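Visitor: One file is attached below, model-v3.cif, containing mmCIF, C-alpha atoms.
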```
data_target
loop_
_atom_site.label_atom_id
_atom_site.label_comp_id
_atom_site.auth_asym_id
_atom_site.auth_seq_id
_atom_site.Cartn_x
_atom_site.Cartn_y
_atom_site.Cartn_z
CA MET A 1 81.65 39.62 -17.54
CA THR A 2 79.99 39.91 -14.19
CA ALA A 3 81.65 40.38 -10.83
CA SER A 4 81.23 36.67 -10.20
CA SER A 5 82.84 35.70 -13.47
CA PRO A 6 86.22 34.02 -13.54
CA SER A 7 88.84 36.73 -13.86
CA SER A 8 92.38 37.84 -13.14
CA PRO A 9 94.41 41.04 -13.46
CA SER A 10 95.93 39.95 -16.78
CA SER A 11 94.76 41.91 -19.80
CA PRO A 12 93.14 40.04 -22.67
CA ALA A 13 94.77 42.56 -24.96
CA ALA A 14 98.30 41.68 -23.88
CA PRO A 15 100.78 41.87 -26.75
CA ALA A 16 101.99 38.71 -28.42
CA SER A 17 105.27 37.20 -27.37
CA SER A 18 107.95 37.50 -29.98
CA GLU A 19 109.47 34.21 -28.87
CA ALA A 20 107.17 31.81 -30.71
CA PRO A 21 105.26 31.84 -33.99
CA LEU A 22 101.64 32.94 -33.83
CA ASP A 23 100.24 29.46 -34.51
CA VAL A 24 102.28 28.01 -31.64
CA GLN A 25 101.11 30.70 -29.22
CA VAL A 26 97.41 30.35 -30.04
CA LEU A 27 97.55 26.56 -29.88
CA GLN A 28 99.28 26.67 -26.49
CA SER A 29 96.75 29.20 -25.22
CA ALA A 30 93.84 27.10 -26.49
CA ALA A 31 95.32 24.01 -24.82
CA SER A 32 95.69 25.93 -21.56
CA LEU A 33 92.02 26.88 -21.61
CA GLU A 34 91.05 23.27 -22.32
CA ASN A 35 93.22 22.18 -19.39
CA LEU A 36 91.44 24.72 -17.19
CA VAL A 37 88.04 23.37 -18.16
CA VAL A 38 89.12 19.74 -17.78
CA ALA A 39 90.08 20.60 -14.19
CA ALA A 40 86.77 22.40 -13.64
CA TYR A 41 84.65 19.50 -14.96
CA THR A 42 86.73 17.01 -12.98
CA SER A 43 86.05 19.01 -9.84
CA ALA A 44 82.37 19.36 -10.74
CA ALA A 45 81.96 15.62 -11.20
CA GLY A 46 83.06 15.06 -7.61
CA MET A 47 80.72 17.57 -6.01
CA PRO A 48 78.21 16.01 -3.58
CA PHE A 49 75.16 17.63 -5.15
CA VAL A 50 76.26 16.33 -8.55
CA ALA A 51 76.92 12.82 -7.29
CA ALA A 52 73.53 12.81 -5.58
CA GLY A 53 71.80 14.65 -8.40
CA SER A 54 70.21 13.67 -11.66
CA ASP A 55 71.62 11.11 -14.05
CA SER A 56 71.40 13.58 -16.93
CA LEU A 57 73.53 16.21 -15.16
CA ARG A 58 76.18 13.63 -14.33
CA ALA A 59 76.11 12.36 -17.91
CA LEU A 60 76.43 15.88 -19.30
CA ILE A 61 79.41 16.64 -17.06
CA ALA A 62 81.13 13.34 -17.90
CA ARG A 63 80.52 13.76 -21.64
CA ASN A 64 81.76 17.37 -21.73
CA LEU A 65 84.82 16.42 -19.68
CA ALA A 66 85.71 13.76 -22.25
CA HIS A 67 85.26 16.26 -25.08
CA HIS A 68 87.58 18.79 -23.45
CA LYS A 69 90.26 16.17 -22.86
CA ALA A 70 90.07 15.35 -26.57
CA HIS A 71 90.26 19.03 -27.52
CA ALA A 72 93.31 19.59 -25.30
CA GLN A 73 94.96 16.60 -26.90
CA SER A 74 94.18 17.89 -30.40
CA PHE A 75 95.64 21.32 -29.66
CA ASN A 76 98.76 19.78 -28.13
CA GLN A 77 99.22 17.45 -31.09
CA ALA A 78 98.91 20.43 -33.41
CA VAL A 79 101.37 22.52 -31.41
CA ALA A 80 103.92 19.68 -31.48
CA LYS A 81 103.44 19.45 -35.24
CA ALA A 82 104.06 23.19 -35.44
CA GLY A 83 107.33 22.78 -33.58
CA GLY A 84 106.21 24.14 -30.21
CA ALA A 85 106.15 22.77 -26.70
CA GLN A 86 102.92 21.15 -25.54
CA GLN A 87 100.92 23.01 -22.90
CA HIS A 88 99.69 20.86 -20.00
CA ALA A 89 99.04 23.64 -17.47
CA ALA A 90 95.77 25.47 -16.90
CA ASP A 91 95.26 28.98 -18.24
CA PRO A 92 97.01 31.30 -15.74
CA ARG A 93 94.52 34.13 -16.12
CA TYR A 94 91.55 32.17 -14.82
CA ALA A 95 93.02 29.23 -12.89
CA GLU A 96 92.94 30.72 -9.39
CA SER A 97 89.53 32.38 -9.64
CA VAL A 98 87.94 29.25 -11.09
CA VAL A 99 89.28 27.12 -8.24
CA ASN A 100 87.89 29.63 -5.75
CA MET A 101 84.51 29.75 -7.45
CA LEU A 102 84.26 25.97 -7.67
CA ALA A 103 84.94 25.76 -3.94
CA GLY A 104 81.84 27.83 -3.31
CA MET A 105 79.46 25.89 -5.53
CA LYS A 106 76.37 24.68 -3.70
CA ASP A 107 73.81 23.84 -6.38
CA PRO A 108 73.43 22.66 -9.99
CA SER A 109 72.24 26.04 -11.25
CA SER A 110 75.30 28.00 -10.17
CA LEU A 111 77.57 25.20 -11.34
CA ALA A 112 75.93 25.22 -14.77
CA GLY A 113 76.37 28.98 -14.81
CA LEU A 114 80.11 28.78 -14.15
CA LEU A 115 80.68 25.94 -16.61
CA ASN A 116 78.76 27.88 -19.25
CA GLN A 117 81.00 30.91 -18.73
CA LEU A 118 84.07 28.75 -19.23
CA GLU A 119 82.62 27.13 -22.35
CA ASP A 120 81.82 30.57 -23.73
CA ILE A 121 85.34 31.86 -23.08
CA ILE A 122 86.87 28.94 -24.98
CA ALA A 123 84.36 29.23 -27.82
CA GLN A 124 85.01 32.95 -28.20
CA THR A 125 88.74 32.37 -28.06
CA CYS A 126 88.62 29.64 -30.72
CA VAL A 127 86.45 31.82 -32.97
CA ARG A 128 89.04 34.58 -32.73
CA TYR A 129 91.99 32.25 -33.19
CA ALA A 130 90.32 30.73 -36.27
CA SER A 131 90.55 34.14 -37.89
CA LEU A 132 94.22 34.49 -36.95
CA ALA A 133 95.66 31.05 -37.69
CA ALA A 134 97.73 30.80 -40.83
CA GLY A 135 96.85 27.34 -42.09
CA GLY A 136 93.51 25.99 -43.30
CA ASP A 137 93.74 22.88 -41.14
CA LEU A 138 94.25 24.98 -38.01
CA ARG A 139 91.36 27.27 -38.88
CA THR A 140 89.14 24.22 -39.27
CA LEU A 141 90.35 22.79 -35.96
CA PHE A 142 89.54 26.02 -34.13
CA VAL A 143 86.05 26.31 -35.65
CA ASN A 144 85.45 22.63 -35.02
CA VAL A 145 86.21 23.06 -31.33
CA ALA A 146 84.45 26.43 -31.06
CA SER A 147 81.27 24.85 -32.40
CA VAL A 148 81.34 22.04 -29.85
CA GLU A 149 82.01 24.42 -26.94
CA ALA A 150 79.12 26.55 -28.22
CA GLN A 151 76.93 23.46 -28.15
CA HIS A 152 78.00 22.70 -24.59
CA SER A 153 77.13 26.31 -23.76
CA ALA A 154 73.68 26.02 -25.35
CA GLU A 155 72.88 22.91 -23.33
CA LEU A 156 74.17 24.41 -20.08
CA LEU A 157 72.13 27.57 -20.65
CA ILE A 158 69.03 25.44 -21.17
CA ALA A 159 69.79 23.20 -18.20
CA ARG A 160 70.30 26.18 -15.91
CA THR A 161 67.06 27.80 -17.05
CA LEU A 162 65.18 24.57 -16.41
CA PHE A 163 66.78 24.24 -12.95
CA ASP A 164 65.92 27.82 -12.07
CA GLY A 165 62.34 27.50 -13.28
CA GLY A 166 61.74 24.25 -11.47
CA HIS A 167 60.99 22.53 -14.77
CA ALA A 168 61.56 18.92 -15.66
CA GLU A 169 64.70 17.94 -17.53
CA PRO A 170 64.50 17.75 -21.32
CA GLY A 171 62.31 14.89 -22.43
CA GLY A 172 61.30 15.50 -26.02
CA THR A 173 58.25 17.38 -27.21
CA VAL A 174 56.09 16.26 -24.29
CA ALA A 175 58.39 17.97 -21.76
CA ALA A 176 59.00 20.90 -24.11
CA ARG A 177 55.26 21.70 -24.21
CA ALA A 178 55.37 22.41 -20.48
CA VAL A 179 58.06 25.09 -20.54
CA PRO A 180 57.57 28.80 -21.27
CA ALA A 181 58.29 30.12 -24.74
CA ALA A 182 61.38 31.98 -23.53
CA VAL A 183 63.14 28.70 -22.75
CA GLY A 184 63.20 27.96 -26.46
CA THR A 185 65.63 30.74 -27.22
CA VAL A 186 67.88 30.73 -24.16
CA GLY A 187 70.39 28.44 -25.87
CA ILE A 188 70.74 30.58 -28.98
CA PRO A 189 71.52 34.07 -27.66
CA GLU A 190 73.36 35.53 -30.68
CA ALA A 191 73.26 35.45 -34.47
CA ALA A 192 77.04 35.78 -34.70
CA TYR A 193 79.33 34.30 -32.08
CA PRO A 194 81.12 37.13 -30.25
CA THR A 195 84.84 37.42 -29.53
CA ALA A 196 84.94 40.25 -26.96
CA ASP A 197 85.90 37.81 -24.20
CA ALA A 198 88.47 35.93 -26.25
CA SER A 199 91.81 35.32 -24.61
CA ALA A 200 94.93 37.11 -25.79
CA ILE A 201 96.98 35.07 -28.22
CA ASN A 202 99.80 34.51 -25.73
CA GLU A 203 97.68 34.14 -22.60
CA GLY A 204 98.47 30.47 -22.18
CA ALA A 205 101.77 30.36 -24.04
CA VAL A 206 104.45 28.10 -22.60
CA ARG A 207 107.01 30.33 -20.91
CA MET B 1 75.65 17.85 -66.54
CA THR B 2 77.37 20.50 -68.65
CA GLY B 3 76.46 21.34 -72.21
CA TYR B 4 79.64 19.64 -73.42
CA SER B 5 79.10 16.41 -71.54
CA ARG B 6 75.43 16.28 -72.53
CA ARG B 7 76.42 16.53 -76.20
CA ALA B 8 79.06 13.84 -75.88
CA PHE B 9 76.66 11.46 -74.13
CA VAL B 10 73.90 11.87 -76.67
CA THR B 11 76.24 11.51 -79.63
CA GLY B 12 77.51 8.24 -78.29
CA THR B 13 74.13 6.68 -77.64
CA ALA B 14 71.61 7.99 -80.11
CA GLY B 15 73.46 9.30 -83.12
CA LEU B 16 74.33 12.62 -84.56
CA GLY B 17 70.86 13.56 -85.82
CA LEU B 18 69.24 13.27 -82.42
CA ALA B 19 72.20 15.03 -80.85
CA LEU B 20 71.83 17.99 -83.12
CA ALA B 21 68.10 18.12 -82.43
CA LEU B 22 68.65 18.10 -78.67
CA ASP B 23 71.48 20.59 -78.94
CA ALA B 24 69.16 23.03 -80.68
CA CYS B 25 66.70 22.72 -77.78
CA SER B 26 69.10 22.85 -74.85
CA SER B 27 71.58 25.66 -74.62
CA PRO B 28 74.60 25.28 -72.36
CA SER B 29 74.31 26.68 -68.85
CA PRO B 30 75.55 30.25 -68.57
CA PRO B 31 78.92 30.60 -66.89
CA SER B 32 78.81 30.97 -63.13
CA PRO B 33 79.25 34.52 -61.85
CA TYR B 34 81.27 33.07 -58.98
CA ALA B 35 84.78 31.66 -59.12
CA GLY B 36 87.25 30.42 -56.55
CA GLN B 37 86.53 31.37 -52.97
CA LEU B 38 83.47 33.37 -53.94
CA ARG B 39 81.78 30.11 -54.98
CA THR B 40 82.25 28.95 -51.39
CA VAL B 41 80.66 32.20 -50.17
CA ALA B 42 77.78 31.81 -52.63
CA LEU B 43 77.23 28.24 -51.42
CA ALA B 44 77.05 29.49 -47.85
CA ALA B 45 74.53 32.18 -48.81
CA ALA B 46 72.39 29.62 -50.64
CA LEU B 47 72.49 27.30 -47.63
CA GLU B 48 71.33 30.12 -45.36
CA ASN B 49 68.49 30.93 -47.74
CA GLN B 50 67.50 27.27 -47.67
CA ALA B 51 67.44 27.35 -43.88
CA VAL B 52 65.24 30.44 -43.92
CA SER B 53 62.81 28.69 -46.28
CA ALA B 54 62.80 25.58 -44.12
CA TYR B 55 62.11 27.51 -40.93
CA ARG B 56 59.43 29.58 -42.65
CA SER B 57 57.70 26.37 -43.74
CA ILE B 58 57.83 24.93 -40.22
CA ASP B 59 56.70 28.23 -38.74
CA SER B 60 53.64 28.19 -40.97
CA ALA B 61 52.92 24.56 -40.11
CA LEU B 62 53.18 25.26 -36.39
CA THR B 63 50.93 28.30 -36.66
CA ALA B 64 48.37 26.26 -38.59
CA GLY B 65 48.46 23.51 -35.97
CA LYS B 66 49.63 20.92 -38.51
CA LEU B 67 52.35 19.52 -36.25
CA GLY B 68 50.24 18.60 -33.25
CA PRO B 69 49.55 20.42 -30.00
CA ALA B 70 51.28 23.77 -29.58
CA ILE B 71 54.84 23.93 -28.25
CA PRO B 72 55.41 27.61 -27.38
CA ALA B 73 59.15 27.16 -26.83
CA LEU B 74 59.55 25.54 -30.24
CA ALA B 75 57.57 28.32 -31.92
CA ALA B 76 59.86 30.90 -30.27
CA PHE B 77 62.97 28.95 -31.24
CA VAL B 78 61.85 28.70 -34.89
CA LYS B 79 61.28 32.45 -35.18
CA THR B 80 64.64 33.32 -33.59
CA ALA B 81 66.64 30.76 -35.54
CA MET B 82 64.99 31.94 -38.76
CA ALA B 83 66.02 35.53 -37.95
CA HIS B 84 69.58 34.34 -37.36
CA HIS B 85 69.69 32.68 -40.76
CA VAL B 86 68.35 35.84 -42.41
CA GLN B 87 71.28 37.70 -40.84
CA HIS B 88 73.75 35.01 -41.90
CA ALA B 89 72.54 35.19 -45.50
CA ALA B 90 72.96 38.97 -45.40
CA THR B 91 76.51 38.56 -44.09
CA TRP B 92 77.51 36.19 -46.89
CA ASN B 93 75.75 38.30 -49.52
CA ALA B 94 77.52 41.46 -48.31
CA ILE B 95 80.82 39.73 -49.09
CA LEU B 96 79.61 38.91 -52.59
CA ALA B 97 78.34 42.44 -53.13
CA LYS B 98 81.65 43.92 -51.98
CA ALA B 99 83.36 41.76 -54.60
CA HIS B 100 80.95 43.18 -57.21
CA LYS B 101 79.19 39.83 -57.63
CA PRO B 102 75.44 39.22 -57.63
CA THR B 103 73.91 38.32 -54.30
CA VAL B 104 72.24 34.94 -53.85
CA THR B 105 68.54 35.55 -53.35
CA GLY B 106 67.12 32.07 -53.92
CA THR B 107 68.20 28.55 -53.11
CA PRO B 108 70.36 27.43 -56.04
CA LEU B 109 71.22 24.05 -54.57
CA SER B 110 70.74 20.81 -56.50
CA GLY B 111 69.25 19.02 -53.51
CA ASN B 112 66.91 21.80 -52.45
CA GLY B 113 63.75 20.15 -53.77
CA GLN B 114 64.36 17.03 -51.74
CA VAL B 115 65.17 19.03 -48.60
CA MET B 116 62.02 21.11 -48.86
CA ASP B 117 59.94 17.99 -49.65
CA THR B 118 61.22 16.44 -46.42
CA ILE B 119 60.41 19.57 -44.46
CA GLY B 120 56.98 19.85 -46.05
CA ALA B 121 56.22 16.19 -45.38
CA SER B 122 56.68 16.58 -41.63
CA LYS B 123 53.55 15.20 -40.02
CA ASP B 124 54.45 16.03 -36.45
CA ALA B 125 56.82 18.16 -34.42
CA GLU B 126 59.29 15.31 -33.98
CA ALA B 127 59.77 14.94 -37.73
CA ALA B 128 60.15 18.70 -38.19
CA ILE B 129 62.70 18.91 -35.36
CA ALA B 130 64.75 16.06 -36.84
CA ALA B 131 64.75 17.66 -40.30
CA LEU B 132 65.81 21.05 -38.93
CA GLN B 133 68.50 19.49 -36.77
CA HIS B 134 69.93 17.80 -39.85
CA LEU B 135 69.99 21.11 -41.75
CA GLU B 136 71.67 22.94 -38.88
CA THR B 137 74.36 20.31 -38.43
CA GLN B 138 75.00 20.33 -42.16
CA ALA B 139 75.29 24.13 -42.13
CA ALA B 140 77.75 24.09 -39.22
CA GLN B 141 79.82 21.41 -40.93
CA THR B 142 79.75 23.27 -44.26
CA HIS B 143 81.02 26.49 -42.69
CA THR B 144 83.64 24.55 -40.72
CA ALA B 145 84.88 22.91 -43.91
CA ALA B 146 84.74 26.18 -45.84
CA ILE B 147 87.09 28.05 -43.54
CA SER B 148 90.04 25.89 -44.57
CA SER B 149 89.76 27.04 -48.19
CA LEU B 150 89.09 30.72 -47.49
CA THR B 151 92.64 31.97 -47.51
CA ASN B 152 92.66 35.50 -48.87
CA LEU B 153 89.17 36.61 -47.97
CA GLU B 154 89.36 37.86 -44.40
CA THR B 155 85.69 38.82 -44.12
CA ALA B 156 84.64 35.34 -45.19
CA VAL B 157 87.01 33.70 -42.70
CA THR B 158 85.55 35.83 -39.92
CA ALA B 159 82.01 35.06 -41.05
CA ALA B 160 82.57 31.30 -41.17
CA ALA B 161 84.20 31.35 -37.73
CA ALA B 162 81.38 33.36 -36.14
CA ILE B 163 78.46 31.63 -37.88
CA ALA B 164 79.40 27.94 -37.61
CA PRO B 165 79.10 27.88 -33.78
CA VAL B 166 75.67 29.52 -33.98
CA GLU B 167 74.38 26.85 -36.37
CA ALA B 168 75.86 24.29 -33.98
CA MET B 169 73.94 25.85 -31.07
CA HIS B 170 70.73 25.69 -33.09
CA ALA B 171 71.36 21.97 -33.68
CA ALA B 172 72.18 21.38 -30.01
CA THR B 173 69.01 23.11 -28.82
CA LEU B 174 66.86 21.14 -31.24
CA GLY B 175 68.37 17.89 -30.03
CA TYR B 176 68.59 18.59 -26.31
CA LEU B 177 65.53 20.67 -25.52
CA PHE B 178 63.09 19.47 -28.16
CA GLY B 179 64.46 16.08 -29.13
CA GLY B 180 65.09 15.09 -25.53
CA GLN B 181 68.51 13.67 -26.36
CA SER B 182 71.82 15.46 -26.64
CA ALA B 183 73.64 14.74 -29.87
CA VAL B 184 76.76 16.79 -29.22
CA ALA B 185 79.82 14.96 -30.49
CA GLU B 186 83.50 15.40 -29.66
CA PHE B 187 83.96 17.46 -32.85
CA ILE B 188 81.35 19.02 -35.09
CA GLY B 189 83.16 17.44 -38.03
CA THR B 190 82.93 18.10 -41.75
CA GLY B 191 81.70 14.74 -43.02
CA GLY B 192 78.23 16.04 -43.77
CA ALA B 193 79.35 19.34 -45.32
CA LEU B 194 77.62 20.34 -48.51
CA SER B 195 79.87 20.07 -51.56
CA ILE B 196 80.54 23.09 -53.73
CA LYS B 197 79.20 20.91 -56.57
CA GLU B 198 75.73 21.34 -55.06
CA LEU B 199 75.72 25.00 -56.07
CA THR B 200 73.82 25.28 -59.33
CA LEU B 201 74.85 28.84 -60.18
#
```
Hey, can you dump this file as structure tokens for me?
Guide:
Amino acid sequence: MTASSPSSPSSPAAPASSEAPLDVQVLQSAASLENLVVAAYTSAAGMPFVAAGSDSLRALIARNLAHHKAHAQSFNQAVAKAGGAQQHAADPRYAESVVNMLAGMKDPSSLAGLLNQLEDIIAQTCVRYASLAAGGDLRTLFVNVASVEAQHSAELLIARTLFDGGHAEPGGTVAARAVPAAVGTVGIPEAAYPTADASAINEGAVR
Amino acid sequence: MTGYSRRAFVTGTAGLGLALALDACSSPSPPSPYAGQLRTVALAAALENQAVSAYRSIDSALTAGKLGPAIPALAAFVKTAMAHHVQHAATWNAILAKAHKPTVTGTPLSGNGQVMDTIGASKDAEAAIAALQHLETQAAQTHTAAISSLTNLETAVTAAAAIAPVEAMHAATLGYLFGGQSAVAEFIGTGGALSIKELTL
């Protein structure tokens, strides 16, 4: 994490609450991260440089926003099924810093950078939770969502690199021929998805 | 078809004499070295080997100029994605080896011939990109489906969780950067996951 990354004093290694079962805690925490990102994409969609920007950036933001709403709903449905309270608040660890960072956004590149960091945090968290969840259906749900957030991340990494390089937006093989070789790998940075930045299991638990 | 079912079929259609003749020529398949969850791990290893073969074929075609004018970013992507799949295969095979089972070195999948024919028949970069994107999405979906059945094999659970998103990123890059159209859906899904029945070992 860089100095400009979303952060808070809370430790990602905080111990689990003994008040709720593990599955309930991780589902609530996952929902809280989705709520955080829904708020971030909603804010992004209203930014002047987005509204006046390219159709593809607006479409990407709108599409990802819809995905995150669906993911939050899925986690909350699962937590209700597990006997826990639904989580409709944003993750407390990142909420304030993300609001502050969004307020300072001035261009598509930095916005894509922040949104990518948020996507990566959720993906890493879901990868970790998939290894912790007790039931097969929950493990599948976490990997399902982790994979989509990873795809969002790949596209945002590519979009940011194209913005920064002054290249045209993706347009098939014709456009791809015009970009440097390094652009081809920017969206696939690792062979195994990391979990070092995963949230603690009770980070977004309902209290 | 198993040795038993082959015998039953032939007996019913062509008579005992022919059945005995065929039986003498075709011995039943040897028992699989993999059972239970390790069959799921072996399937994953085979799928990774298939991806390596597919990328190697496309890499050669790109180098030979068979897919049209050069696309440096695609050439770089192919080499990196291929290296990822080599690592994924090693991860799955390490789990098999730790369980004292043989590693999967080839591509023992019933549909492999058709997959490689499709890859080999690519006449241009667009066809190659579409074929690779299909393979990557299938791999991500297969690992996503697999994790629900991997209950007592912690290393395999961790592997599936860490590898599925990477395959998904490969698919997203192929679609967005090279295909010119994002194909990211609300959920990666499991509808296109490869069945364990595809494993021929």
Visitor: Please list, as a ChimeraX atom specification, the residues that have an atom at most 12 Å away from (76.3, 37.6, -49.9) in the coordinates of this file, counting only C-alpha atoms.
Guide: /B:34,38-49,86-106,155-156,159
Visitor: Leaving out B:Ala183 and any residue of its chain fewer than 3 positions from it, which residues lie within 9 Å of it when counting only C-alpha atoms, given as a ChimeraX atom specification?
Guide: /B:171-172,175-176
Visitor: Let's have the selection written as an mmCIF file, keeping the file's coordinate frame, with C-alpha atoms.
Guide:
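See again.cif below for the written result:
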```cif
data_model
loop_
_atom_site.group_PDB
_atom_site.id
_atom_site.type_symbol
_atom_site.label_atom_id
_atom_site.label_comp_id
_atom_site.auth_asym_id
_atom_site.auth_seq_id
_atom_site.Cartn_x
_atom_site.Cartn_y
_atom_site.Cartn_z
ATOM 1 C CA ALA B 171 71.360 21.970 -33.680
ATOM 2 C CA ALA B 172 72.180 21.380 -30.010
ATOM 3 C CA GLY B 175 68.370 17.890 -30.030
ATOM 4 C CA TYR B 176 68.590 18.590 -26.310
#
```
Visitor: Distance atom CA of B:Gly68-atom CA of B:Ile129, one decimal place?
Guide: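 Taking atom CA of B:Gly68 as the start and atom CA of B:Ile129 as the end point, the length is 12.6 Å.
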Visitor: Could you tell me, as an MDAnalysis selection string, exactly which residues end up selected when the PyMOL selection byres ((chain A and resi 103) around 12) is applied to this structure?
Guide: chainID A and resid 40 43:44 46:48 96:102 104:107 110:111 114
Visitor: Edge lengths and centre in Å to one decimal, as JSON, is what I'm after for the box along x, y and z that holds all listed atoms of stretch 79-87 of chain A once 4 Å is added on each side.
Guide:
```
{"center_x": 104.1, "center_y": 21.8, "center_z": -29.2, "size_x": 14.4, "size_y": 12.7, "size_z": 20.5}
```
Visitor: Run the PyMOL selection byres ((chain B and resi 169) around 7) against the file shown and list the residues it catches, as a compact mmCIF listing (two decimals) with C-alpha atoms, in the coordinates of the input.
Guide:
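Everything below was put into part37.txt:
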```
# COMPACT_ATOMS: atom_id res chain seq x y z
CA ALA A 150 79.12 26.55 -28.22
CA GLN A 151 76.93 23.46 -28.15
CA ALA A 154 73.68 26.02 -25.35
CA GLY A 187 70.39 28.44 -25.87
CA ILE A 188 70.74 30.58 -28.98
CA PRO B 165 79.10 27.88 -33.78
CA VAL B 166 75.67 29.52 -33.98
CA GLU B 167 74.38 26.85 -36.37
CA ALA B 168 75.86 24.29 -33.98
CA HIS B 170 70.73 25.69 -33.09
CA ALA B 171 71.36 21.97 -33.68
CA ALA B 172 72.18 21.38 -30.01
CA THR B 173 69.01 23.11 -28.82
```
Visitor: Write out as a list of chain:residue names the residues lying within 8 Å of A:Ala30, counting all atoms listed in the file and excluding same-chain residues fewer than 4 positions away.
Guide: A:Val26, A:Glu34, A:Ala72, A:Phe75, A:Ile122, A:Thr125, A:Cys126, A:Gly204
Visitor: Which residue gives the smallest distance to chain B among A:Arg63, A:Arg177, A:Lys69, A:Lys81, with all atoms listed in the file counted?
Guide: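 Checking each candidate against chain B, we get A:Arg177 as the closest.
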Visitor: Just checking: using all atoms listed in the file, which residue out of B:Thr118, B:Ser32, B:Thr80, B:Ser53 ends up closest to chain A?
Guide: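 Among the listed residues, the smallest separation from chain A belongs to B:Thr80.
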Visitor: Tell me, as a PyMOL selection string, which residues lie within 10 Å of A:Pro21, counting only C-alpha atoms; anything in the same chain fewer than 5 positions away does not count.
Guide: chain A and resi 16+26+82-84
Visitor: Calculate how many Å separate atom CA of B:Ala139 from atom CA of A:Leu132, rounding to one decimal.
Guide: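 Separating atom CA of B:Ala139 from atom CA of A:Leu132 is a distance of 22.2 Å.
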Visitor: Using only C-alpha atoms for the distances, tell me which of B:Ile71, B:Leu174, B:Leu109, B:Val157 is nearest to B:Ala130.
Guide: B:Leu174
Visitor: In terms of the shortest atom-to-atom distance over all atoms listed in the file, which of A:Ala205, A:Ala196, A:Ala159, A:Val37 is closest to chain B?
Guide: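 Among the listed residues, the smallest separation from chain B belongs to A:Ala159.
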Visitor: Translate the PyMOL selection byres ((chain A and resi 36) around 9), as applied to the file shown, into an explicit residue set as a list of chain:residue names.
Guide: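 Going through the file, the PyMOL selection byres ((chain A and resi 36) around 9) ends up selecting A:Ala31, A:Ser32, A:Leu33, A:Glu34, A:Asn35, A:Val37, A:Val38, A:Ala39, A:Ala40, A:Tyr41, A:Ala89, A:Ala90, A:Asp91, A:Pro92, A:Tyr94, A:Ala95, A:Val98, A:Leu118.
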Visitor: What's the separation between atom CA of B:Gln114 and atom CA of A:Thr185, in Å to one decimal place?
Guide: 28.1 Å
Visitor: Nearest to chain A: which of B:Leu153, B:Leu74, B:Val52, B:Leu201 is it, counting only C-alpha atoms?
Guide: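 Using only C-alpha atoms, chain A sits closest to B:Leu74.
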Visitor: I'd like the neighbourhood of A:Arg207 as a ChimeraX atom specification, where a residue qualifies if any of its atoms comes within 10 Å (using only C-alpha atoms), though same-chain residues fewer than 2 positions away should be ignored.
Guide: /A:17,19-20,85,87,202,204-205
